[in-house]
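> Here you go, work_9.cif (mmCIF, C-alpha atoms):
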```
data_final
#
loop_
_atom_site.label_atom_id
_atom_site.label_comp_id
_atom_site.auth_asym_id
_atom_site.auth_seq_id
_atom_site.Cartn_x
_atom_site.Cartn_y
_atom_site.Cartn_z
CA MET A 1 16.36 -15.68 -12.34
CA SER A 2 15.44 -12.08 -11.54
CA TRP A 3 13.04 -10.82 -8.87
CA ARG A 4 10.45 -10.20 -11.58
CA ASP A 5 10.81 -13.82 -12.74
CA PHE A 6 10.37 -14.99 -9.16
CA TRP A 7 7.16 -13.03 -8.59
CA ASN A 8 5.82 -14.01 -12.01
CA GLY A 9 6.27 -17.71 -11.21
CA SER A 10 4.81 -20.11 -8.67
CA HIS A 11 5.87 -19.43 -5.10
CA SER A 12 4.58 -19.21 -1.57
CA ILE A 13 5.94 -16.77 0.97
CA TYR A 14 3.28 -17.61 3.59
CA VAL A 15 3.74 -20.50 5.98
CA ASN A 16 0.02 -21.40 6.00
CA ALA A 17 -3.43 -19.99 5.26
CA ARG A 18 -3.67 -18.28 8.66
CA HIS A 19 -0.39 -16.43 8.06
CA ARG A 20 -1.64 -15.20 4.68
CA ALA A 21 -5.05 -14.15 6.06
CA LEU A 22 -3.60 -12.24 9.02
CA HIS A 23 -0.96 -10.62 6.81
CA PHE A 24 -3.46 -9.25 4.34
CA ASP A 25 -5.91 -8.25 7.06
CA MET A 26 -3.21 -6.08 8.62
CA ILE A 27 -2.11 -4.69 5.24
CA GLY A 28 -5.68 -3.85 4.30
CA LYS A 29 -6.37 -2.07 7.58
CA ASP A 30 -3.11 -0.12 7.45
CA ILE A 31 -3.57 1.03 3.83
CA GLY A 32 -7.27 1.65 4.35
CA ALA A 33 -6.50 3.97 7.27
CA LEU A 34 -4.32 6.08 4.94
CA VAL A 35 -7.01 6.61 2.29
CA PRO A 36 -7.78 10.35 2.38
CA ALA A 37 -11.51 10.24 1.51
CA ARG A 38 -14.33 7.82 0.71
CA ASP A 39 -14.34 8.96 -2.93
CA ALA A 40 -10.54 8.86 -3.32
CA ILE A 41 -8.99 7.28 -6.42
CA VAL A 42 -6.16 5.01 -5.23
CA LEU A 43 -3.40 3.09 -7.03
CA ASP A 44 -1.46 0.16 -5.60
CA TYR A 45 1.78 0.16 -7.63
CA GLY A 46 3.51 -3.23 -7.64
CA CYS A 47 0.50 -4.74 -5.91
CA GLY A 48 1.43 -8.44 -6.12
CA GLU A 49 -1.48 -10.73 -5.30
CA ALA A 50 -3.24 -7.88 -3.45
CA GLY A 51 -5.06 -10.10 -0.98
CA SER A 52 -6.55 -7.09 0.80
CA ALA A 53 -7.80 -5.30 -2.34
CA GLU A 54 -11.50 -5.61 -1.51
CA MET A 55 -10.90 -4.26 1.98
CA VAL A 56 -9.12 -1.19 0.59
CA ALA A 57 -11.64 -0.77 -2.24
CA ALA A 58 -14.40 -0.52 0.36
CA ARG A 59 -12.62 2.52 1.83
CA CYS A 60 -12.22 4.48 -1.42
CA GLY A 61 -14.02 5.42 -4.63
CA GLU A 62 -11.94 3.46 -7.15
CA PHE A 63 -8.99 1.14 -6.55
CA TYR A 64 -6.44 0.44 -9.29
CA LEU A 65 -3.96 -2.44 -9.15
CA TYR A 66 -0.76 -2.42 -11.18
CA ASP A 67 1.92 -5.10 -11.37
CA THR A 68 4.63 -5.73 -13.95
CA ALA A 69 4.24 -9.54 -13.82
CA PRO A 70 1.70 -10.79 -16.41
CA ASN A 71 0.85 -13.96 -14.48
CA VAL A 72 0.09 -11.87 -11.41
CA ARG A 73 -2.23 -9.60 -13.42
CA GLU A 74 -4.09 -12.61 -14.81
CA LYS A 75 -4.66 -13.97 -11.31
CA LEU A 76 -5.89 -10.55 -10.19
CA ARG A 77 -8.43 -10.50 -13.03
CA LEU A 78 -9.71 -13.92 -11.99
CA VAL A 79 -10.09 -12.87 -8.36
CA TYR A 80 -11.30 -9.28 -8.70
CA GLY A 81 -12.70 -9.03 -12.22
CA ALA A 82 -16.30 -8.93 -10.98
CA ASN A 83 -15.70 -6.06 -8.54
CA PRO A 84 -16.66 -2.80 -10.32
CA LYS A 85 -14.46 -0.70 -8.01
CA ILE A 86 -11.26 -2.64 -8.72
CA HIS A 87 -9.34 -2.12 -11.97
CA ILE A 88 -6.32 -4.14 -13.14
CA LEU A 89 -3.67 -2.21 -15.09
CA ASN A 90 -0.77 -3.18 -17.29
CA TYR A 91 1.96 -0.75 -18.31
CA GLU A 92 0.07 0.53 -21.36
CA THR A 93 -3.20 1.17 -19.54
CA LEU A 94 -1.36 2.86 -16.66
CA GLU A 95 0.48 5.13 -19.11
CA ALA A 96 -2.80 5.94 -20.87
CA LEU A 97 -4.40 7.32 -17.72
CA ALA A 98 -4.59 11.09 -17.58
CA PRO A 99 -2.04 13.04 -15.54
CA ALA A 100 -3.10 13.77 -11.96
CA SER A 101 -5.50 10.81 -11.86
CA PHE A 102 -4.89 9.60 -8.31
CA ASP A 103 -5.51 10.93 -4.82
CA MET A 104 -3.15 8.34 -3.34
CA ILE A 105 -0.53 5.95 -4.67
CA VAL A 106 0.79 3.12 -2.52
CA ILE A 107 4.13 1.39 -3.18
CA ASN A 108 4.39 -1.25 -0.49
CA SER A 109 7.13 -3.88 -0.20
CA VAL A 110 8.36 -3.10 -3.71
CA ILE A 111 11.44 -0.89 -3.78
CA GLN A 112 13.70 -3.50 -2.17
CA TYR A 113 13.39 -5.41 -5.45
CA LEU A 114 14.31 -2.39 -7.61
CA SER A 115 17.61 -0.73 -8.41
CA HIS A 116 17.98 2.95 -7.54
CA GLY A 117 17.46 3.85 -11.20
CA GLU A 118 14.31 1.74 -11.44
CA PHE A 119 12.96 3.37 -8.30
CA GLU A 120 13.59 6.82 -9.75
CA ARG A 121 11.63 5.88 -12.89
CA VAL A 122 8.74 4.67 -10.74
CA LEU A 123 8.76 7.99 -8.90
CA ASP A 124 8.59 9.82 -12.25
CA VAL A 125 5.42 7.88 -13.09
CA CYS A 126 3.94 8.53 -9.65
CA HIS A 127 4.66 12.25 -9.86
CA ALA A 128 2.93 12.44 -13.24
CA LYS A 129 -0.16 10.46 -12.16
CA LEU A 130 -0.63 11.89 -8.67
CA LYS A 131 -2.88 14.89 -8.08
CA PRO A 132 -1.12 18.01 -6.76
CA THR A 133 -2.94 17.49 -3.46
CA GLY A 134 -2.38 13.72 -3.48
CA LYS A 135 -0.06 11.62 -1.36
CA LEU A 136 2.46 8.91 -2.12
CA ILE A 137 2.91 6.11 0.42
CA ILE A 138 6.14 4.09 0.27
CA GLY A 139 6.07 1.22 2.73
CA ASP A 140 8.25 -1.68 3.87
CA VAL A 141 11.51 0.08 3.01
CA ILE A 142 14.45 -1.93 4.31
CA PRO A 143 17.00 0.08 6.31
CA LYS A 144 20.69 -0.33 5.54
CA THR A 145 21.18 -1.62 9.07
CA SER A 146 18.59 -4.41 8.62
CA ASP A 147 19.42 -8.09 8.20
CA ALA A 148 17.64 -11.43 7.91
CA ILE A 149 17.75 -11.86 11.69
CA GLY A 150 15.53 -8.82 12.16
CA ASP A 151 13.03 -10.09 9.59
CA THR A 152 13.02 -13.50 11.27
CA LYS A 153 12.33 -12.03 14.70
CA ALA A 154 9.52 -9.86 13.28
CA LEU A 155 7.93 -12.92 11.66
CA LEU A 156 8.19 -15.01 14.82
CA ASP A 157 6.67 -12.22 16.94
CA PHE A 158 3.83 -11.92 14.43
CA ALA A 159 3.38 -15.71 14.41
CA LEU A 160 3.31 -15.90 18.21
CA LYS A 161 0.57 -13.26 18.40
CA GLY A 162 -1.29 -14.76 15.45
CA GLY A 163 -1.24 -18.37 16.59
CA PHE A 164 0.88 -19.93 13.85
CA LEU A 165 4.27 -20.11 15.56
CA VAL A 166 4.95 -23.80 14.84
CA ALA A 167 4.10 -23.33 11.16
CA ALA A 168 6.33 -20.26 11.05
CA CYS A 169 9.28 -22.24 12.39
CA TRP A 170 8.81 -24.92 9.74
CA GLY A 171 8.37 -22.18 7.17
CA LEU A 172 11.73 -20.66 8.07
CA VAL A 173 13.36 -24.03 7.47
CA ALA A 174 11.65 -24.28 4.06
CA THR A 175 12.70 -20.74 3.21
CA PHE A 176 16.35 -21.65 3.75
CA PHE A 177 16.12 -23.99 0.75
CA SER A 178 13.85 -21.74 -1.35
CA ASP A 179 14.46 -19.70 -4.49
CA TYR A 180 13.63 -16.59 -2.44
CA ARG A 181 16.61 -17.11 -0.14
CA LYS A 182 18.86 -17.95 -3.09
CA LEU A 183 17.86 -14.73 -4.85
CA ARG A 184 18.24 -12.73 -1.66
CA SER A 185 21.78 -14.10 -1.37
CA SER A 186 22.75 -13.71 -5.05
CA ILE A 187 20.92 -10.55 -6.17
CA GLY A 188 20.20 -9.07 -2.78
CA LEU A 189 17.63 -6.55 -1.64
CA THR A 190 18.03 -2.80 -2.04
CA ARG A 191 18.40 -1.05 1.30
CA TYR A 192 18.23 2.64 2.18
CA ALA A 193 19.21 4.94 4.99
CA PRO A 194 16.26 7.20 5.92
CA ASP A 195 18.03 10.33 4.63
CA GLU A 196 18.71 8.62 1.30
CA VAL A 197 14.99 8.09 0.71
CA LEU A 198 14.15 11.67 1.70
CA THR A 199 16.91 13.06 -0.54
CA LEU A 200 15.79 10.93 -3.47
CA LEU A 201 12.17 11.96 -3.06
CA SER A 202 13.16 15.62 -2.88
CA ALA A 203 15.20 15.28 -6.07
CA GLN A 204 12.13 13.71 -7.73
CA LYS A 205 9.99 16.74 -6.77
CA PHE A 206 8.33 15.39 -3.62
CA HIS A 207 8.07 16.71 -0.10
CA ALA A 208 8.42 13.72 2.21
CA VAL A 209 8.58 12.66 5.84
CA ARG A 210 9.27 9.35 7.49
CA ALA A 211 6.12 7.96 9.09
CA PRO A 212 6.19 6.67 12.69
CA HIS A 213 4.91 3.22 11.67
CA ASN A 214 5.39 0.87 8.74
CA ILE A 215 2.60 -0.91 6.87
CA GLY A 216 2.25 -4.47 8.12
CA HIS A 217 3.85 -6.42 10.95
CA ASN A 218 7.55 -5.67 10.42
CA GLN A 219 8.25 -2.46 12.27
CA THR A 220 12.01 -2.75 11.72
CA ARG A 221 11.25 -1.47 8.21
CA MET A 222 10.27 2.07 7.24
CA MET A 223 7.38 3.96 5.66
CA PHE A 224 7.48 7.38 4.01
CA ILE A 225 4.64 9.74 3.13
CA ALA A 226 5.24 12.18 0.29
CA SER A 227 3.35 14.81 -1.69
CA PRO A 228 4.23 16.57 -4.96
CA LYS A 229 6.11 19.82 -4.69
CA LEU A 230 4.02 22.65 -6.07
CA GLU A 231 5.54 24.30 -9.12
CA ALA A 232 6.59 27.91 -8.58
CA THR A 233 4.25 30.31 -10.41
CA GLY A 234 6.57 33.30 -10.49
CA LEU A 235 3.80 35.45 -9.01
CA PRO A 236 4.53 37.67 -6.00
#
```
Show how you would write the structure in this file as structure tokens.


Amino acid sequence: MSWRDFWNGSHSIYVNARHRALHFDMIGKDIGALVPARDAIVLDYGCGEAGSAEMVAARCGEFYLYDTAPNVREKLRLVYGANPKIHILNYETLEALAPASFDMIVINSVIQYLSHGEFERVLDVCHAKLKPTGKLIIGDVIPKTSDAIGDTKALLDFALKGGFLVAACWGLVATFFSDYRKLRSSIGLTRYAPDEVLTLLSAQKFHAVRAPHNIGHNQTRMMFIASPKLEATGLP
């Protein structure tokens, strides 16, 4: 089983409905705060179930959702198909969009499931589809120094504040026997040092900085904000 197979199948990474609701409320607020303008065209690349899509769509002009997993896309169409501001993309429809289509592209909690080469190819797509004045948001990047203990503590802190601590404890027990933990042990998650991300983004023609806060509850992970490097004109 690959990570794509996992996300394309049936799974639950939330310990209960309250966990899911609070998670997506925080994600929606964090991404919404980054939207540059009310008429901005925004893409969520690798969006997953996108439980905060309507919240983000209310903050921008058009909101596009892209995921590689066909089952995920079908669920998105069922949930958001009636919202005229939300558009579901597959690879072909994403490729067909004109260059420089987006004011902002968000890649949140995605690159840990990609190889370095896959991440570079994603950045190529983002560079092509992002406006010269646009911004690329890369969130939930796992540092090389991170481990499962840090993620567990972040979840328990979030659960304590959110009122689902008991469910979170039971959820951690269930996770120990889950396919997610097995994949994390066998395939692993891709981790980065901060300078590695900045160097990679620079090589892919982006200016980038590390942001002071990550998207979501886990502040042991990192977020980066990037913009396309302007091509030299050769003019004095």

> Out of A:Gly162, A:Gly32, A:Pro194, A:Gly46, which residue has the shortest atom-to-atom distance to Arg18 of chain A when counting all atoms listed in the file?

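That would be A:Gly162, the residue with the smallest distance to Arg18 of chain A.
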
> Measuring between all atoms listed in the file, which one of A:Lys129, A:His19, A:Arg38, A:Arg191 shows the shortest distance to Gly51 of chain A?

A:His19

> Could you write out as a PDB file with C-alpha atoms, keeping the file's coordinate frame the residues that the PyMOL selection byres ((chain A and resi 70-81) around 8) matches in the shown file?


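Saved the output as expr-v1.pdb:
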```pdb
ATOM      1  CA  TRP A   7       7.160 -13.030  -8.590  1.00  0.00           C
ATOM      2  CA  ASN A   8       5.820 -14.010 -12.010  1.00  0.00           C
ATOM      3  CA  GLY A   9       6.270 -17.710 -11.210  1.00  0.00           C
ATOM      4  CA  GLY A  48       1.430  -8.440  -6.120  1.00  0.00           C
ATOM      5  CA  GLU A  49      -1.480 -10.730  -5.300  1.00  0.00           C
ATOM      6  CA  ALA A  50      -3.240  -7.880  -3.450  1.00  0.00           C
ATOM      7  CA  TYR A  66      -0.760  -2.420 -11.180  1.00  0.00           C
ATOM      8  CA  ASP A  67       1.920  -5.100 -11.370  1.00  0.00           C
ATOM      9  CA  THR A  68       4.630  -5.730 -13.950  1.00  0.00           C
ATOM     10  CA  ALA A  69       4.240  -9.540 -13.820  1.00  0.00           C
ATOM     11  CA  ALA A  82     -16.300  -8.930 -10.980  1.00  0.00           C
ATOM     12  CA  ASN A  83     -15.700  -6.060  -8.540  1.00  0.00           C
ATOM     13  CA  PRO A  84     -16.660  -2.800 -10.320  1.00  0.00           C
ATOM     14  CA  ILE A  86     -11.260  -2.640  -8.720  1.00  0.00           C
ATOM     15  CA  HIS A  87      -9.340  -2.120 -11.970  1.00  0.00           C
ATOM     16  CA  ILE A  88      -6.320  -4.140 -13.140  1.00  0.00           C
ATOM     17  CA  LEU A  89      -3.670  -2.210 -15.090  1.00  0.00           C
ATOM     18  CA  ASN A  90      -0.770  -3.180 -17.290  1.00  0.00           C
TER      19      ASN A  90
END
```

> Between A:Trp170, A:Tyr192, A:Phe102, A:Phe119, which residue has the minimum interatomic distance to Val141 of chain A, considering only C-alpha atoms?

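Between A:Trp170, A:Tyr192, A:Phe102, A:Phe119, the residue approaching Val141 of chain A most closely is A:Tyr192.
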
> For the provided coordinates, the residues matched by the PyMOL selection byres ((chain A and resi 147-152) around 10) should be stated as number ranges by chain.

A: 142-146, 153-158, 168-169, 172, 181, 184, 191, 217-221

> Taking all atoms listed in the file into account, which of A:Ala167, A:Glu120, A:Lys161, A:Ala57 comes nearest Thr199 of chain A?

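Looking only at the distances to Thr199 of chain A, the closest residue turns out to be A:Glu120.
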
> List as an NGL selection string the protein and nucleic acid residues near Ile215 of chain A, meaning an atom at most 10 Å away when all atoms listed in the file are counted, but skip any in the same chain fewer than 4 places from it.

:A and (26-31 or 108-109 or 137-141 or 211 or 219 or 221-223)

> Rounded to one decimal place, report the atom CA of His127 of chain A-atom CA of Ala33 of chain A distance in Å.

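Spanning atom CA of His127 of chain A to atom CA of Ala33 of chain A is a straight-line distance of 22.1 Å.
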
> What is the distance between atom CA of Ala159 of chain A and atom CA of Leu22 of chain A, in Å to one decimal?

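Result for atom CA of Ala159 of chain A versus atom CA of Leu22 of chain A: 9.5 Å, one decimal.
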
> Find the spatial neighbours of Asp39 of chain A, counting all atoms listed in the file, within a cut-off of 8 Å - ignore same-chain residues fewer than 4 positions away - and output them as a PyMOL selection string.

chain A and resi 60-62

> Could you check the closest approach to Arg59 of chain A for each of A:Leu114, A:Ala98, A:Ala40, A:Cys47 and tell me which residue wins, using all atoms listed in the file?

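Among the listed residues, the smallest separation from Arg59 of chain A belongs to A:Ala40.
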
> Counting all atoms listed in the file, which of A:Ala53, A:Leu201, A:Ala208, A:Val35 gets nearest to His116 of chain A?

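With all atoms listed in the file as the atom set, the closest residue is A:Leu201.
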
> Excluding segment 131-133 of chain A and residues on its chain fewer than 4 positions from it, collect all residues at most 9 Å away from it, counting all atoms listed in the file, and give them as a VMD selection string.

chain A and resid 99 to 104 127 227 to 230

> So which residues touch Asn16 of chain A within 10 Å, counting all atoms listed in the file, skipping near sequence neighbours fewer than 4 positions away, as a list of chain:residue names?

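Contacts, in chain order: A:Ser12, A:Arg20, A:Ala21, A:Phe164, A:Ala167, A:Ala168, A:Gly171.
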
> One decimal, in Å: what's the spacing between atom CA of Leu200 of chain A and atom CA of Ala96 of chain A?

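Atom CA of Ala96 of chain A lies 25.9 Å from atom CA of Leu200 of chain A.
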
> Which centre and edge lengths in Å to one decimal define the box along x, y and z that fits every listed atom of segment 118-129 of chain A plus 4 Å per side, as AutoDock Vina command-line options?


```
--center_x 7.1 --center_y 7.1 --center_z -10.8 --size_x 22.5 --size_y 18.7 --size_z 12.9
```
